[in-house]
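See below for protein.txt, which holds compact mmCIF, C-alpha atoms.
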```txt
# COMPACT_ATOMS: atom_id res chain seq x y z
CA MET D 1182 146.83 18.07 36.57
CA PRO D 1183 146.82 21.83 37.10
CA GLY D 1184 147.85 22.83 40.61
CA ILE D 1185 145.51 24.50 43.06
CA GLY D 1186 145.07 28.14 42.16
CA ILE D 1187 146.52 27.70 38.70
CA LYS D 1188 143.93 28.59 36.12
CA ARG D 1189 143.20 26.05 33.40
CA GLU D 1190 144.14 28.64 30.79
CA GLN D 1191 147.56 29.23 32.38
CA SER D 1192 148.30 25.54 32.63
CA ILE D 1193 147.55 25.09 28.92
CA ARG D 1194 149.92 27.91 28.04
CA CYS D 1195 152.60 26.15 30.11
CA GLY D 1196 152.02 23.07 28.00
CA SER D 1197 151.05 20.95 31.01
CA MET D 1198 147.53 20.18 29.87
CA ARG D 1199 145.74 19.21 26.70
CA THR D 1200 142.51 20.82 25.72
CA SER D 1201 139.53 19.09 24.16
CA TYR D 1202 136.74 20.23 21.84
CA ALA D 1203 133.86 18.81 19.85
CA LEU D 1204 134.78 19.42 16.20
CA PHE D 1205 131.97 20.86 14.09
CA LEU D 1206 132.81 20.31 10.41
CA GLY D 1207 129.87 21.85 8.56
CA CYS D 1208 129.39 21.25 4.81
CA TYR D 1209 131.78 23.19 2.56
CA ILE D 1210 134.97 22.17 4.33
CA PRO D 1211 134.57 18.37 4.38
CA VAL D 1212 133.22 18.25 0.82
CA ASN D 1213 134.86 21.03 -1.21
CA GLN D 1214 137.84 22.03 0.92
CA PRO D 1215 139.05 18.88 2.73
CA PHE D 1216 142.54 20.42 2.85
CA VAL D 1217 141.22 22.72 5.59
CA GLU D 1218 140.05 19.79 7.68
CA ALA D 1219 143.31 17.91 7.07
CA SER D 1220 145.47 20.90 7.96
CA PHE D 1221 143.49 21.74 11.08
CA ARG D 1222 143.56 18.17 12.37
CA LYS D 1223 147.36 18.24 12.00
CA ILE D 1224 147.67 21.63 13.72
CA ALA D 1225 145.45 20.41 16.55
CA THR D 1226 147.64 17.35 17.12
CA LYS D 1227 150.77 19.52 17.27
CA LEU D 1228 149.20 22.05 19.64
CA GLY D 1229 147.62 19.50 21.96
CA ILE D 1230 143.98 20.01 21.06
CA ASP D 1231 141.99 16.78 21.26
CA LEU D 1232 139.17 16.77 18.73
CA VAL D 1233 136.07 14.74 19.52
CA GLU D 1234 133.87 13.86 16.55
CA MET D 1235 130.29 15.15 16.58
CA GLU D 1236 128.64 12.04 15.16
CA GLY D 1237 125.39 12.75 13.38
CA ALA D 1238 125.89 16.52 13.11
CA THR D 1239 124.37 18.20 10.07
CA CYS D 1240 124.62 21.58 8.38
CA CYS D 1241 124.83 24.29 11.07
CA PRO D 1242 122.41 25.32 9.22
CA VAL D 1243 123.80 27.95 6.89
CA PRO D 1244 122.71 31.33 8.31
CA ASP D 1245 122.57 33.27 5.05
CA ILE D 1246 120.08 30.81 3.60
CA ILE D 1247 118.16 28.70 6.10
CA ARG D 1248 117.65 31.43 8.69
CA LEU D 1249 116.13 33.66 6.04
CA SER D 1250 114.15 30.84 4.48
CA ASP D 1251 112.59 29.61 7.71
CA TYR D 1252 113.64 30.85 11.14
CA ASN D 1253 112.06 27.96 13.06
CA SER D 1254 113.89 25.34 11.00
CA TRP D 1255 117.15 27.23 11.46
CA ILE D 1256 116.91 27.49 15.25
CA SER D 1257 115.74 23.90 15.78
CA ILE D 1258 118.42 22.36 13.54
CA ALA D 1259 121.11 24.49 15.20
CA ALA D 1260 119.81 23.45 18.63
CA ARG D 1261 120.01 19.80 17.58
CA ASN D 1262 123.67 20.29 16.63
CA LEU D 1263 124.37 22.05 19.94
CA SER D 1264 122.70 19.19 21.80
CA ILE D 1265 125.17 16.71 20.27
CA ALA D 1266 128.10 18.64 21.78
CA GLU D 1267 126.22 18.88 25.08
CA SER D 1268 125.88 15.11 25.18
CA LEU D 1269 129.67 14.89 24.68
CA GLU D 1270 130.15 17.48 27.47
CA LYS D 1271 132.44 19.50 25.23
CA ASP D 1272 132.53 23.01 23.89
CA ILE D 1273 132.33 23.27 20.11
CA ILE D 1274 135.21 24.35 17.88
CA THR D 1275 134.30 25.39 14.33
CA LEU D 1276 136.54 25.87 11.28
CA CYS D 1277 133.91 27.71 9.24
CA THR D 1278 132.89 31.28 10.08
CA GLY D 1279 129.34 30.61 8.87
CA CYS D 1280 129.00 27.63 11.23
CA TRP D 1281 130.44 29.75 14.05
CA GLU D 1282 127.94 32.54 13.35
CA SER D 1283 124.98 30.20 13.12
CA LEU D 1284 125.70 28.09 16.20
CA PHE D 1285 126.89 31.02 18.30
CA GLU D 1286 123.86 33.16 17.53
CA ALA D 1287 121.39 30.28 17.87
CA ARG D 1288 122.83 29.51 21.31
CA GLU D 1289 122.67 33.18 22.34
CA GLU D 1290 119.03 33.42 21.27
CA LEU D 1291 118.04 30.20 22.99
CA VAL D 1292 119.82 31.08 26.23
CA SER D 1293 118.31 34.57 26.38
CA ASP D 1294 114.76 33.59 25.34
CA LYS D 1295 113.32 30.91 27.63
CA ASP D 1296 110.04 30.68 25.67
CA LEU D 1297 111.93 30.05 22.45
CA ALA D 1298 114.09 27.41 24.15
CA LYS D 1299 110.93 25.72 25.44
CA LYS D 1300 109.40 25.61 21.95
CA VAL D 1301 112.60 24.27 20.42
CA ASN D 1302 113.02 21.67 23.15
CA PHE D 1303 109.46 20.50 22.48
CA GLN D 1304 110.48 19.81 18.87
CA LEU D 1305 113.76 18.20 19.92
CA SER D 1306 111.97 15.90 22.36
CA ALA D 1307 110.41 14.14 19.36
CA ILE D 1308 113.92 13.03 18.32
CA ASN D 1309 115.10 12.34 21.88
CA LYS D 1310 117.33 15.39 22.10
CA SER D 1311 117.36 18.49 24.27
CA PHE D 1312 119.16 21.83 24.50
CA THR D 1313 120.39 23.18 27.84
CA GLY D 1314 122.91 25.84 26.80
CA LYS D 1315 125.85 24.40 28.72
CA THR D 1316 128.09 24.18 25.63
CA GLN D 1317 130.00 27.20 24.34
CA VAL D 1318 130.74 27.78 20.64
CA LYS D 1319 134.25 28.87 19.67
CA TYR D 1320 135.90 29.72 16.41
CA TYR D 1321 139.31 28.10 16.01
CA LEU D 1322 141.11 31.47 16.12
CA GLU D 1323 139.76 32.01 19.64
CA VAL D 1324 141.23 28.72 20.77
CA LEU D 1325 144.59 29.33 19.07
CA VAL D 1326 145.05 32.87 20.39
CA GLU D 1327 143.02 33.15 23.60
CA GLU D 1328 143.39 29.69 24.98
CA LEU D 1329 146.69 28.33 23.71
CA GLY D 1330 148.45 31.63 23.11
CA ILE D 1331 150.28 32.86 20.03
CA GLU D 1332 153.66 31.93 21.56
CA LYS D 1333 152.74 28.26 21.45
CA LEU D 1334 151.98 28.61 17.75
CA LYS D 1335 155.31 30.36 17.17
CA LYS D 1336 157.23 27.63 19.01
CA ASN D 1337 156.01 25.04 16.52
CA ILE D 1338 157.08 26.94 13.41
CA LYS D 1339 159.73 25.01 11.51
CA ARG D 1340 159.57 26.65 8.09
CA SER D 1341 159.75 30.27 7.07
CA LEU D 1342 156.97 31.87 5.03
CA SER D 1343 158.60 35.31 5.18
CA GLU D 1344 159.04 35.49 1.40
CA VAL D 1345 155.34 34.96 0.70
CA LYS D 1346 153.32 38.13 0.07
CA VAL D 1347 149.68 37.69 0.98
CA ALA D 1348 146.46 39.67 0.61
CA VAL D 1349 144.43 39.20 3.78
CA HIS D 1350 140.69 38.83 3.26
CA TYR D 1351 138.97 38.90 6.64
CA GLY D 1352 135.45 38.12 5.48
CA CYS D 1353 132.36 39.75 6.96
CA LYS D 1354 131.65 37.30 9.75
CA LEU D 1355 134.85 37.85 11.73
CA TYR D 1356 133.73 41.46 12.19
CA LYS D 1357 130.68 40.22 14.08
CA SER D 1358 132.79 38.99 16.99
CA GLU D 1359 132.91 40.93 20.24
CA ASN D 1360 134.97 44.09 19.63
CA GLU D 1361 135.99 42.51 16.31
CA LYS D 1362 138.44 40.38 18.28
CA LEU D 1363 138.59 37.63 15.63
CA VAL D 1364 139.91 40.15 13.09
CA LYS D 1365 142.74 40.98 15.51
CA TYR D 1366 143.44 37.28 16.11
CA PHE D 1367 143.65 36.71 12.35
CA ASP D 1368 146.23 39.52 12.16
CA GLU D 1369 148.15 38.09 15.11
CA CYS D 1370 148.43 34.72 13.35
CA ILE D 1371 149.55 36.35 10.11
CA GLU D 1372 152.21 38.28 12.06
CA ALA D 1373 153.33 35.13 13.91
CA LEU D 1374 153.84 33.39 10.55
CA ASP D 1375 156.00 36.34 9.45
CA LEU D 1376 154.13 36.71 6.15
CA LYS D 1377 154.53 39.83 4.01
CA VAL D 1378 151.18 41.59 3.89
CA ALA D 1379 150.03 43.46 0.77
CA ASP D 1380 148.01 46.60 1.46
CA TYR D 1381 145.27 46.61 -1.18
CA GLY D 1382 142.98 49.12 0.48
CA ILE D 1383 139.64 47.31 0.42
CA GLU D 1384 140.34 44.52 2.90
CA ARG D 1385 137.00 45.11 4.65
CA VAL D 1386 134.91 44.68 1.47
CA CYS D 1387 132.81 41.51 1.18
CA CYS D 1388 133.90 38.82 -1.33
CA GLY D 1389 130.43 38.82 -2.88
CA TYR D 1390 129.22 35.41 -1.70
CA PRO D 1391 125.97 36.52 0.00
CA LEU D 1392 125.06 38.67 -2.98
CA SER D 1393 125.79 35.73 -5.32
CA LEU D 1394 122.82 33.87 -3.79
CA TYR D 1395 120.58 36.42 -5.45
CA SER D 1396 122.61 37.60 -8.45
CA LEU D 1397 125.84 35.83 -9.34
CA ASP D 1398 126.72 38.29 -12.14
CA LYS D 1399 126.25 41.29 -9.88
CA ALA D 1400 128.29 39.66 -7.09
CA ILE D 1401 131.19 38.84 -9.41
CA GLU D 1402 131.17 42.25 -11.10
CA GLU D 1403 130.61 44.49 -8.07
CA ARG D 1404 132.47 42.60 -5.37
CA THR D 1405 134.74 39.72 -6.45
CA LYS D 1406 136.27 41.38 -9.52
CA TRP D 1407 136.78 44.62 -7.62
CA LYS D 1408 138.73 42.79 -4.94
CA LEU D 1409 140.68 40.62 -7.37
CA ASP D 1410 141.74 43.67 -9.40
CA ARG D 1411 143.03 45.48 -6.33
CA ILE D 1412 144.76 42.37 -4.97
CA LYS D 1413 146.49 41.79 -8.30
CA GLU D 1414 147.66 45.42 -8.41
CA SER D 1415 149.08 45.11 -4.88
CA GLY D 1416 151.47 42.36 -5.98
CA ALA D 1417 150.06 39.79 -3.55
CA GLU D 1418 150.90 36.20 -4.48
CA CYS D 1419 147.91 34.65 -2.76
CA ILE D 1420 144.75 35.47 -0.83
CA VAL D 1421 144.49 34.26 2.76
CA VAL D 1422 141.01 33.51 4.07
CA THR D 1423 139.37 31.83 7.05
CA CYS D 1424 135.89 31.45 5.55
CA PRO D 1425 135.09 28.59 3.11
CA ALA D 1426 132.39 30.64 1.37
CA CYS D 1427 134.92 33.42 0.66
CA TYR D 1428 137.32 30.77 -0.64
CA ASP D 1429 134.66 29.43 -3.01
CA GLN D 1430 133.70 32.90 -4.18
CA PHE D 1431 137.27 33.94 -5.04
CA GLU D 1432 137.96 30.64 -6.78
CA ARG D 1433 134.69 30.50 -8.72
CA GLY D 1434 135.00 34.20 -9.53
CA GLN D 1435 138.40 33.71 -11.14
CA PHE D 1436 137.10 30.87 -13.34
CA LEU D 1437 133.98 32.80 -14.37
CA LEU D 1438 136.01 35.89 -15.21
CA ARG D 1439 138.17 33.80 -17.57
CA ARG D 1440 135.11 33.76 -19.84
CA LYS D 1441 135.61 37.50 -20.17
CA LYS D 1442 139.29 36.96 -21.01
CA LEU D 1443 140.32 38.13 -17.56
CA ARG D 1444 142.98 35.96 -15.99
CA TYR D 1445 144.17 36.34 -12.39
CA ASP D 1446 145.59 32.95 -11.29
CA ILE D 1447 145.79 34.06 -7.67
CA PRO D 1448 145.75 31.03 -5.37
CA ILE D 1449 143.57 31.16 -2.27
CA LEU D 1450 144.83 29.59 0.93
CA HIS D 1451 143.18 29.06 4.27
CA LEU D 1452 145.05 30.27 7.32
CA THR D 1453 145.06 26.69 8.65
CA GLU D 1454 147.00 25.56 5.55
CA LEU D 1455 149.64 28.25 6.01
CA ILE D 1456 150.00 27.36 9.70
CA ALA D 1457 150.35 23.65 8.86
CA LEU D 1458 152.93 24.41 6.15
CA SER D 1459 154.92 26.51 8.63
CA PHE D 1460 154.76 23.60 11.12
CA GLY D 1461 156.61 21.50 8.55
CA TYR D 1462 153.84 19.44 6.97
CA SER D 1463 154.29 18.76 3.28
CA PRO D 1464 151.93 20.25 0.68
CA GLU D 1465 151.03 16.72 -0.48
CA GLU D 1466 149.88 15.47 2.93
CA LEU D 1467 147.78 18.62 3.36
CA GLY D 1468 146.16 18.21 -0.06
CA LEU D 1469 147.37 21.47 -1.61
CA ASP D 1470 147.34 19.72 -4.98
CA GLN D 1471 143.54 19.65 -4.68
CA HIS D 1472 143.29 23.42 -5.09
CA ARG D 1473 141.86 24.33 -8.49
CA ILE D 1474 144.25 27.27 -8.71
CA SER D 1475 147.82 26.06 -8.36
CA CYS D 1476 149.72 26.90 -5.16
CA LYS D 1477 153.07 25.92 -6.72
CA GLY D 1478 154.46 29.47 -6.62
CA ILE D 1479 153.74 29.72 -2.90
CA ILE D 1480 155.18 26.30 -2.09
CA GLU D 1481 158.44 27.21 -3.85
CA LYS D 1482 158.88 30.19 -1.52
CA ILE D 1483 158.70 28.16 1.69
CA LYS D 1484 162.17 27.82 3.18
CA PRO D 1485 163.62 26.09 6.23
CA LYS D 1486 163.54 28.40 9.25
CA GLY D 1487 166.88 30.20 9.50
CA MET N 358 125.50 39.45 28.35
CA TRP N 359 127.07 40.44 25.06
CA ARG N 360 124.79 39.99 22.08
CA CYS N 361 125.39 39.94 18.36
CA TYR N 362 124.01 42.45 15.95
CA SER N 363 120.29 42.38 15.37
CA LEU N 364 119.68 38.85 14.19
CA SER N 365 116.79 38.64 11.82
CA GLU N 366 116.30 42.26 10.94
CA GLU N 367 117.33 44.21 7.91
CA THR N 368 120.01 46.77 8.77
CA GLU N 369 122.26 49.07 6.82
CA ILE N 370 125.13 46.66 7.41
CA TYR N 371 123.08 43.53 6.69
CA PRO N 372 120.57 44.50 4.00
CA TRP N 373 119.72 40.87 3.19
CA ARG N 374 118.71 40.04 6.73
CA LYS N 375 115.01 39.80 6.27
CA PRO N 376 112.79 36.76 5.91
CA VAL N 377 112.44 35.55 2.33
CA LYS N 378 108.87 34.65 1.38
CA THR N 379 109.36 33.16 -2.08
CA LEU N 380 112.71 31.44 -2.26
CA PRO N 381 115.01 32.26 -5.19
CA GLN N 382 116.19 29.23 -7.18
CA ARG N 383 119.62 29.03 -5.55
CA LEU N 384 118.08 29.01 -2.08
CA LYS N 385 115.62 26.33 -3.12
CA ASP N 386 118.50 24.13 -4.30
CA VAL N 387 120.14 24.48 -0.89
CA VAL N 388 116.93 23.57 0.96
CA VAL N 389 116.52 20.52 -1.29
CA ASN N 390 120.05 19.37 -0.45
CA MET N 391 119.32 19.88 3.25
CA ILE N 392 116.32 17.56 2.97
CA LYS N 393 118.27 14.98 0.94
CA THR N 394 121.54 14.91 2.90
CA GLY N 395 121.31 17.13 5.99
CA HIS N 396 123.93 19.34 4.36
CA VAL N 397 123.85 22.14 1.81
CA ILE N 398 125.88 20.17 -0.71
CA GLU N 399 126.01 16.53 -1.71
CA LEU N 400 129.11 14.38 -1.25
CA PRO N 401 129.83 12.61 -4.56
CA SER N 402 132.25 9.67 -4.76
CA ILE N 403 134.96 11.79 -6.40
CA LYS N 404 134.98 14.06 -3.33
CA GLN N 405 135.07 11.03 -1.05
CA LYS N 406 138.16 9.79 -2.88
CA ALA N 407 139.79 13.22 -2.53
CA ARG N 408 139.20 13.05 1.23
CA GLU N 409 140.69 9.58 1.49
CA LYS N 410 143.76 10.68 -0.48
CA ILE N 411 144.75 13.03 2.33
CA GLY N 412 144.06 10.62 5.16
CA LEU N 413 140.48 11.61 6.01
CA SER N 414 137.53 9.23 6.22
CA ALA N 415 135.64 8.96 2.91
CA LYS N 416 132.53 10.32 4.61
CA PRO N 417 132.76 12.69 7.57
CA PRO N 418 130.96 11.44 10.70
CA THR N 419 127.88 13.54 10.04
CA SER N 420 124.50 12.88 8.42
CA TYR N 421 126.50 11.94 5.30
CA GLN N 422 127.37 8.80 7.25
CA PHE N 423 124.51 8.34 9.71
CA GLU N 424 121.03 7.78 8.27
CA GLU N 425 119.40 8.18 11.66
CA ALA N 426 120.77 11.73 11.84
CA LEU N 427 119.25 12.44 8.45
CA SER N 428 115.83 11.22 9.52
CA GLU N 429 116.05 13.44 12.63
CA ILE N 430 116.74 16.57 10.61
CA GLN N 431 114.00 15.62 8.13
CA SER N 432 111.60 15.39 11.05
CA LEU N 433 112.52 18.95 12.15
CA ILE N 434 112.17 20.26 8.59
CA LYS N 435 108.75 18.60 8.27
CA SER N 436 107.45 19.91 11.57
CA ASN N 437 108.49 23.46 10.65
CA ARG N 438 107.09 23.10 7.10
CA LEU N 439 110.30 24.15 5.39
CA ASP N 440 109.66 21.27 2.98
CA SER N 441 106.55 23.07 1.68
CA LYS N 442 108.67 26.01 0.52
CA VAL N 443 110.29 23.74 -2.09
CA ALA N 444 107.18 21.61 -2.64
CA TRP N 445 109.05 18.52 -1.48
CA ASN N 446 107.29 15.26 -2.26
CA TRP N 447 108.29 12.78 0.45
CA ASP N 448 107.02 9.77 -1.52
CA LYS N 449 108.85 10.60 -4.72
CA LYS N 450 111.78 12.12 -2.79
CA ARG N 451 112.01 15.14 -5.02
CA ALA N 452 111.03 18.79 -5.13
CA GLU N 453 108.10 19.66 -7.34
CA TYR N 454 108.46 23.41 -7.58
```

Could you spell out this file's structure in structure tokens?
Amino acid sequence: MPGIGIKREQSIRCGSMRTSYALFLGCYIPVNQPFVEASFRKIATKLGIDLVEMEGATCCPVPDIIRLSDYNSWISIAARNLSIAESLEKDIITLCTGCWESLFEAREELVSDKDLAKKVNFQLSAINKSFTGKTQVKYYLEVLVEELGIEKLKKNIKRSLSEVKVAVHYGCKLYKSENEKLVKYFDECIEALDLKVADYGIERVCCGYPLSLYSLDKAIEERTKWKLDRIKESGAECIVVTCPACYDQFERGQFLLRRKKLRYDIPILHLTELIALSFGYSPEELGLDQHRISCKGIIEKIKPKG
Amino acid sequence: MWRCYSLSEETEIYPWRKPVKTLPQRLKDVVVNMIKTGHVIELPSIKQKAREKIGLSAKPPTSYQFEEALSEIQSLIKSNRLDSKVAWNWDKKRAEY
């Protein structure tokens, strides 16, 4: 138990208390990128984060599609998901930036607009659910850096990744955080892992995923290929992402560009996978063999911490 | 209270942020999957096996696993008439666009 006057946050940093969150999985990660879920569950165990399952959760729903297709469906489905965490009396932790954006923004809108909340609650009452706004929505980087502290992450590092040269792709949604703090937290994690960072000059540019919903060819040609070319030139051995849609876009882009006789073979890794590898988990137990672009070259460069 | 960028408005930074009246094909496919599974993509058996291989449950504890959750989300979709945007036929359980 934290002592009187000791803040909860401080006691967590001292390692005297575990923290607990409702885990929101979303769609892309559990289906197409289960290695992200596996790696995060392992990281959470090591760092003392208890994950409570959100039984019956659905798509967040995906902001780039459902919000634009029908606002009322988007806000009511998001409110239903938030209500599940409320019934668990937990804050939500998300692994997907799209889920974070959708749930965070839906909560903000519902909390600040009482009439909207009333309308949504009327719809939710038909399925015996309600939204109150008592649950916060956090992206996992916020929990790792703000709540647990980067030192705790560093203390658990057992393997060195210092020989791996990465191209960091932030993705658009991290820039939506307050003062772009999630971009800084991403950098702090990369620094803590001691990775070599390739400067390719267009880090801020979108991967092309949102554009691909309207024109896949245009998205690949004007965004994905542009980034892949620059990343290849920089000598980076892999791309590090936090967003599953960016992951999909870079992977799909590389396969589609093979049709034009363009071959990149640049593996894409989620930050959670790199953290789990540095914590000493094996590539097999994390599911790195499920990547469609081989991570073998990266795995060979992981050494015991000196 | 801190607020995000303008949420449903087109801006220079977010040019796609405007309501879509007629859904493009790829968006329709996503809406159809939402109605069918509660998620934007389906979970085929090969993906379930891949999950199990790395120690995860075959189906995550979401509407993939709980039918009641799926009927709840379908109820919300129906009451907001999102189903009409893909001409979803509830009897035949398919889109007729």

Chain D residues near chain N within 9 Å, closest pair each, using all atoms listed in the file, as JSON lines:
```
{"residue": "D:Leu1206", "atom": "CA", "partner": "N:Pro417", "partner_atom": "CA", "distance": 8.1}
{"residue": "D:Gly1207", "atom": "CA", "partner": "N:His396", "partner_atom": "CA", "distance": 7.7}
{"residue": "D:Cys1208", "atom": "CA", "partner": "N:His396", "partner_atom": "CA", "distance": 5.8}
{"residue": "D:Tyr1209", "atom": "CA", "partner": "N:Ile398", "partner_atom": "CA", "distance": 7.4}
{"residue": "D:Pro1211", "atom": "CA", "partner": "N:Pro417", "partner_atom": "CA", "distance": 6.8}
{"residue": "D:Val1212", "atom": "CA", "partner": "N:Leu400", "partner_atom": "CA", "distance": 6.0}
{"residue": "D:Asn1213", "atom": "CA", "partner": "N:Lys404", "partner_atom": "CA", "distance": 7.3}
{"residue": "D:Pro1215", "atom": "CA", "partner": "N:Arg408", "partner_atom": "CA", "distance": 6.0}
{"residue": "D:Phe1216", "atom": "CA", "partner": "N:Ile411", "partner_atom": "CA", "distance": 7.7}
{"residue": "D:Glu1218", "atom": "CA", "partner": "N:Leu413", "partner_atom": "CA", "distance": 8.4}
{"residue": "D:Ala1219", "atom": "CA", "partner": "N:Ile411", "partner_atom": "CA", "distance": 7.0}
{"residue": "D:Glu1234", "atom": "CA", "partner": "N:Pro418", "partner_atom": "CA", "distance": 7.0}
{"residue": "D:Met1235", "atom": "CA", "partner": "N:Pro418", "partner_atom": "CA", "distance": 7.0}
{"residue": "D:Glu1236", "atom": "CA", "partner": "N:Pro418", "partner_atom": "CA", "distance": 5.1}
{"residue": "D:Gly1237", "atom": "CA", "partner": "N:Thr419", "partner_atom": "CA", "distance": 4.2}
{"residue": "D:Ala1238", "atom": "CA", "partner": "N:Thr419", "partner_atom": "CA", "distance": 4.7}
{"residue": "D:Thr1239", "atom": "CA", "partner": "N:Gly395", "partner_atom": "CA", "distance": 5.2}
{"residue": "D:Cys1240", "atom": "CA", "partner": "N:His396", "partner_atom": "CA", "distance": 4.7}
{"residue": "D:Cys1241", "atom": "CA", "partner": "N:His396", "partner_atom": "CA", "distance": 8.4}
{"residue": "D:Pro1242", "atom": "CA", "partner": "N:His396", "partner_atom": "CA", "distance": 7.9}
{"residue": "D:Val1243", "atom": "CA", "partner": "N:Val397", "partner_atom": "CA", "distance": 7.7}
{"residue": "D:Asp1245", "atom": "CA", "partner": "N:Arg374", "partner_atom": "CA", "distance": 8.0}
{"residue": "D:Ile1246", "atom": "CA", "partner": "N:Leu384", "partner_atom": "CA", "distance": 6.3}
{"residue": "D:Ile1247", "atom": "CA", "partner": "N:Val388", "partner_atom": "CA", "distance": 7.4}
{"residue": "D:Arg1248", "atom": "CA", "partner": "N:Pro376", "partner_atom": "CA", "distance": 7.7}
{"residue": "D:Leu1249", "atom": "CA", "partner": "N:Pro376", "partner_atom": "CA", "distance": 4.6}
{"residue": "D:Ser1250", "atom": "CA", "partner": "N:Val377", "partner_atom": "CA", "distance": 5.5}
{"residue": "D:Asp1251", "atom": "CA", "partner": "N:Leu439", "partner_atom": "CA", "distance": 6.4}
{"residue": "D:Tyr1252", "atom": "CA", "partner": "N:Pro376", "partner_atom": "CA", "distance": 7.9}
{"residue": "D:Asn1253", "atom": "CA", "partner": "N:Asn437", "partner_atom": "CA", "distance": 6.2}
{"residue": "D:Ser1254", "atom": "CA", "partner": "N:Asn437", "partner_atom": "CA", "distance": 5.7}
{"residue": "D:Ser1257", "atom": "CA", "partner": "N:Leu433", "partner_atom": "CA", "distance": 6.9}
{"residue": "D:Ile1258", "atom": "CA", "partner": "N:Ile430", "partner_atom": "CA", "distance": 6.7}
{"residue": "D:Arg1261", "atom": "CA", "partner": "N:Ile430", "partner_atom": "CA", "distance": 8.3}
{"residue": "D:Glu1286", "atom": "CA", "partner": "N:Cys361", "partner_atom": "CA", "distance": 7.0}
{"residue": "D:Glu1289", "atom": "CA", "partner": "N:Arg360", "partner_atom": "CA", "distance": 7.1}
{"residue": "D:Glu1290", "atom": "CA", "partner": "N:Arg360", "partner_atom": "CA", "distance": 8.8}
{"residue": "D:Ser1293", "atom": "CA", "partner": "N:Met358", "partner_atom": "CA", "distance": 8.9}
{"residue": "D:Gln1304", "atom": "CA", "partner": "N:Leu433", "partner_atom": "CA", "distance": 7.1}
{"residue": "D:Leu1305", "atom": "CA", "partner": "N:Leu433", "partner_atom": "CA", "distance": 7.9}
{"residue": "D:Ala1307", "atom": "CA", "partner": "N:Ser432", "partner_atom": "CA", "distance": 8.5}
{"residue": "D:Ile1308", "atom": "CA", "partner": "N:Glu429", "partner_atom": "CA", "distance": 6.1}
{"residue": "D:Lys1357", "atom": "CA", "partner": "N:Cys361", "partner_atom": "CA", "distance": 6.8}
{"residue": "D:Ser1358", "atom": "CA", "partner": "N:Cys361", "partner_atom": "CA", "distance": 7.6}
{"residue": "D:Glu1359", "atom": "CA", "partner": "N:Trp359", "partner_atom": "CA", "distance": 7.6}
{"residue": "D:Pro1391", "atom": "CA", "partner": "N:Trp373", "partner_atom": "CA", "distance": 8.3}
{"residue": "D:Leu1392", "atom": "CA", "partner": "N:Trp373", "partner_atom": "CA", "distance": 8.5}
{"residue": "D:Leu1394", "atom": "CA", "partner": "N:Arg383", "partner_atom": "CA", "distance": 6.1}
{"residue": "D:Tyr1395", "atom": "CA", "partner": "N:Pro381", "partner_atom": "CA", "distance": 7.0}
{"residue": "D:Glu1465", "atom": "CA", "partner": "N:Ile411", "partner_atom": "CA", "distance": 7.8}
{"residue": "D:Glu1466", "atom": "CA", "partner": "N:Ile411", "partner_atom": "CA", "distance": 5.7}
{"residue": "D:Leu1467", "atom": "CA", "partner": "N:Ile411", "partner_atom": "CA", "distance": 6.4}
{"residue": "D:Gly1468", "atom": "CA", "partner": "N:Ile411", "partner_atom": "CA", "distance": 5.9}
{"residue": "D:Gln1471", "atom": "CA", "partner": "N:Ala407", "partner_atom": "CA", "distance": 7.7}
```

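Residue nearest Tyr1202 in chain D within the list D:Val1324, D:Ile1480, D:Ile1420, D:Ala1259: D:Val1324 [criterion: smallest interatomic distance, all atoms listed in the file].
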
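Remark: for Gly1461 in chain D, the closest of the candidate residues D:Ala1298, D:Leu1342, D:Leu1437, D:Cys1424 is D:Leu1342 (distances computed over only C-alpha atoms).
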
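Separating CA of Leu1397 in chain D from CA of Leu1438 in chain D is a distance of 11.7 Å.
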
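Distance-wise, CA of Asn1302 in chain D and CA of Arg451 in chain N end up 28.9 Å apart.
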
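If you look at CA of Pro1244 in chain D and CA of Thr1423 in chain D, they are 16.7 Å away from each other.
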
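Closest to Thr1275 in chain D among D:Cys1387, D:Pro1425, D:Ser1306, D:Gly1314 is D:Pro1425, based on only C-alpha atoms.
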
Complete the atom set of range 423-429 of chain N to N, CA and C atoms and return it as an mmCIF file, keeping the file's coordinate frame.
```cif
data_model
loop_
_atom_site.group_PDB
_atom_site.id
_atom_site.type_symbol
_atom_site.label_atom_id
_atom_site.label_comp_id
_atom_site.auth_asym_id
_atom_site.auth_seq_id
_atom_site.Cartn_x
_atom_site.Cartn_y
_atom_site.Cartn_z
ATOM 1 N N PHE N 423 125.509 8.923 8.806
ATOM 2 C CA PHE N 423 124.510 8.340 9.710
ATOM 3 C C PHE N 423 123.080 8.644 9.238
ATOM 4 N N GLU N 424 122.395 7.603 8.792
ATOM 5 C CA GLU N 424 121.030 7.780 8.270
ATOM 6 C C GLU N 424 120.047 8.234 9.345
ATOM 7 N N GLU N 425 120.296 7.803 10.570
ATOM 8 C CA GLU N 425 119.400 8.180 11.660
ATOM 9 C C GLU N 425 119.428 9.703 11.852
ATOM 10 N N ALA N 426 120.631 10.271 11.704
ATOM 11 C CA ALA N 426 120.770 11.730 11.840
ATOM 12 C C ALA N 426 119.964 12.429 10.755
ATOM 13 N N LEU N 427 119.997 11.852 9.558
ATOM 14 C CA LEU N 427 119.250 12.440 8.450
ATOM 15 C C LEU N 427 117.747 12.405 8.727
ATOM 16 N N SER N 428 117.279 11.285 9.255
ATOM 17 C CA SER N 428 115.830 11.220 9.520
ATOM 18 C C SER N 428 115.440 12.197 10.639
ATOM 19 N N GLU N 429 116.358 12.464 11.576
ATOM 20 C CA GLU N 429 116.050 13.440 12.630
ATOM 21 C C GLU N 429 115.885 14.843 12.053
#
```
